[in-house]
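Below is one structure, written out as structure tokens; the observations come after it.
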Amino acid sequence: MTGTDASSSSPASPSSSFRLAYVPGATPAKWVRIWNERLPDVPLTLLSVTPAEAFDALREGTADAGLVRLPVDRDDLSAIPLYTETTVVVVPKDHLFAAVEEVSAEDLADELVLHPLDDTLGWEQPPGRPAMERPATTADAIELVAAGVGVLAVPQSLARLHHRKDLTYRTLVGVPQSRVALSWLAADEAPDLVEEFIGIVRGRTVNSTRGRRAEEKKGQKQPKPQKAAKPAKSGKPGGGSRTTGRPPAPRKGGGGAGRSGKPRRGRG
């Protein structure tokens, strides 16, 4: 079970649910699928948050963990870097950059490069000519690119998120890159469900996961495999025939009964 309701502010019991916040561009779908397979009895709720809201959600307890963008304040938060994104430049489809596969920072020298307030690349001064005003959000900057005002440098996931038919993007080299991380409130030990999710994003198997499920298996004796029963030895059951099981034929001679079953008379 997954959801996107971020309105609830009361922390859920650690054993009843797991709430994962994620910033735009982060893609938790693969890990959520594995979670649902391994822990079907623990609902995972997805909380869509802005980069500015992500860390507050962790500190206030409205999320148990979050897929965020580095840097993270290590004074009160823990984090595990997951992957680094390719930086791209978003341009109109009829722009000169659309004819090449890769663009360098020097190529942007004559371009007006938009720098939104929610920028995730963390550079002090973007290349190119700065705009007179900074757009409030990446979405606003995308609209300005579509209007031919300038170009925009963003992580590739954000370019895909804000895809438009009249825009395209190309790989941008020689510029900062954004890193996505899993973060949670700092503690001596991560909570069990957070540890479960850490195991999932790190690719641990079910048996190697150190969270709640692994703890439940500790001390449980595994049943010993039963030995296969040995086949019974063939023999003559009851002294009879091994194929028909009929009683043995009477012996010839002696004072036994004859073929007719009548007793024989002795000679005088």
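Letters A, B, ... mark the chains of the structure tokens in the order given; residue numbers begin at 1 per chain; ligand numbers begin at 1, in order shown.
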- Name all residues at most 6 Å from region 63-68 of chain A (count only C-alpha atoms; drop same-chain ones fewer than 6 positions away) and give them as a PyMOL selection string. chain A and resi 19-23+57+180-184
With C-alpha atoms retained, write the just-selected residues as a PDB file, in the first residue's frame.
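What follows is the written file out23.pdb:
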```pdb
ATOM      1  CA  ARG A  19       6.534   7.007   5.806  1.00  0.00           C
ATOM      2  CA  LEU A  20       9.024   7.888   3.083  1.00  0.00           C
ATOM      3  CA  ALA A  21       9.398  11.490   1.933  1.00  0.00           C
ATOM      4  CA  TYR A  22      10.898  12.160  -1.489  1.00  0.00           C
ATOM      5  CA  VAL A  23      11.909  15.292  -3.358  1.00  0.00           C
ATOM      6  CA  ALA A  57       9.614  16.473   7.634  1.00  0.00           C
ATOM      7  CA  VAL A 180      20.491  11.870  -4.065  1.00  0.00           C
ATOM      8  CA  ALA A 181      20.698  10.327  -0.596  1.00  0.00           C
ATOM      9  CA  LEU A 182      18.572   8.460   1.914  1.00  0.00           C
ATOM     10  CA  SER A 183      18.322  10.463   5.128  1.00  0.00           C
ATOM     11  CA  TRP A 184      16.757   9.962   8.568  1.00  0.00           C
TER      12      TRP A 184
END
```
Mind listing the alpha helix (DSSP H) residues of region 65-168 of chain A, per DSSP on the backbone, as a compact mmCIF listing (two decimals) with C-alpha atoms, in the first residue's frame?
```txt
# COMPACT_ATOMS: atom_id res chain seq x y z
CA THR A 138 12.16 25.03 -11.43
CA ALA A 139 8.67 24.76 -12.92
CA ASP A 140 8.60 28.54 -13.42
CA ALA A 141 12.05 28.41 -15.04
CA ILE A 142 10.84 25.72 -17.46
CA GLU A 143 8.03 28.04 -18.57
CA LEU A 144 10.55 30.79 -19.25
CA VAL A 145 12.70 28.42 -21.32
CA ALA A 146 9.63 27.51 -23.39
CA GLN A 156 18.33 14.97 -15.64
CA SER A 157 15.47 13.65 -13.51
CA LEU A 158 14.00 17.15 -13.22
CA ALA A 159 14.25 17.67 -16.97
CA ARG A 160 12.27 14.46 -17.41
CA LEU A 161 9.79 15.44 -14.70
```
- Task: Find the distance between CA of Ile80 (chain A) and CA of Pro24 (chain A) and write it in Å to one decimal.
- Result: 18.1 Å
- Item | Nearest candidate to Ser17 (chain A) (options A:Leu152, A:Leu193, A:Val89, A:Val113; using only C-alpha atoms) |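 For Ser17 (chain A), the nearest of the given residues is A:Leu193.
Distances here use only C-alpha atoms; by that measure, the residue among A:Pro92, A:Phe18, A:Pro127, A:Leu58 closest to Leu77 (chain A) is A:Leu58.
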- Message: Ranking A:Ala153, A:Val194, A:Ala54, A:Ala99 by minimum distance to Pro116 (chain A) and counting only C-alpha atoms, which one comes first?
- Response: A:Ala153
- Message: Can you tell me which residues surround Val90 (chain A) at a distance of at most 6 Å, considering only C-alpha atoms, apart from same-chain residues fewer than 4 positions away, and format the answer as a list in words?
- Response: Val151, Leu152, Thr168 and Tyr169 of chain A
- Item | Near-Glu85 (chain A) list (7 Å; only C-alpha atoms; drop same-chain fewer than 2 positions) as a list in words |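 The residues that qualify are Tyr83, Thr87, Pro155, Gln156, Gln177, Ser178 and Arg179 of chain A.
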- Run DSSP on the backbone and grab whatever in region 36-78 of chain A lands in strand (DSSP E or B); send it over as a list in words. Leu44, Thr45, Leu46, Leu47, Ser48, Ala65, Gly66, Leu67, Val68, Arg69, Leu77 and Ser78 of chain A
- Task: Write out as a list of chain:residue names the residues lying within 9 Å of Asp110 (chain A), counting only C-alpha atoms and excluding same-chain residues fewer than 4 positions away.
- Result: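 Once the adjacent positions are removed, what remains is A:Glu106, A:Gly128, A:Arg129.
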May I have the selected residues written with N, CA, C and O atoms, as a short mmCIF file (atom, residue, chain, number, x, y, z; two decimals), in the first residue's frame?
```
data_model
loop_
_atom_site.label_atom_id
_atom_site.label_comp_id
_atom_site.auth_asym_id
_atom_site.auth_seq_id
_atom_site.Cartn_x
_atom_site.Cartn_y
_atom_site.Cartn_z
N GLU A 106 31.47 26.20 -20.95
CA GLU A 106 31.96 27.32 -21.78
C GLU A 106 30.99 27.65 -22.91
O GLU A 106 30.90 28.81 -23.34
N GLY A 128 27.29 31.46 -17.95
CA GLY A 128 26.44 32.26 -18.81
C GLY A 128 26.05 33.60 -18.21
O GLY A 128 26.59 34.02 -17.18
N ARG A 129 25.11 34.26 -18.85
CA ARG A 129 24.63 35.56 -18.37
C ARG A 129 23.50 35.35 -17.37
O ARG A 129 22.57 34.61 -17.63
#
```
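Distance check against Asp118 (chain A) using only C-alpha atoms: of A:Ala190, A:Ile34, A:Val154, A:Val88, the minimum falls on A:Val154.
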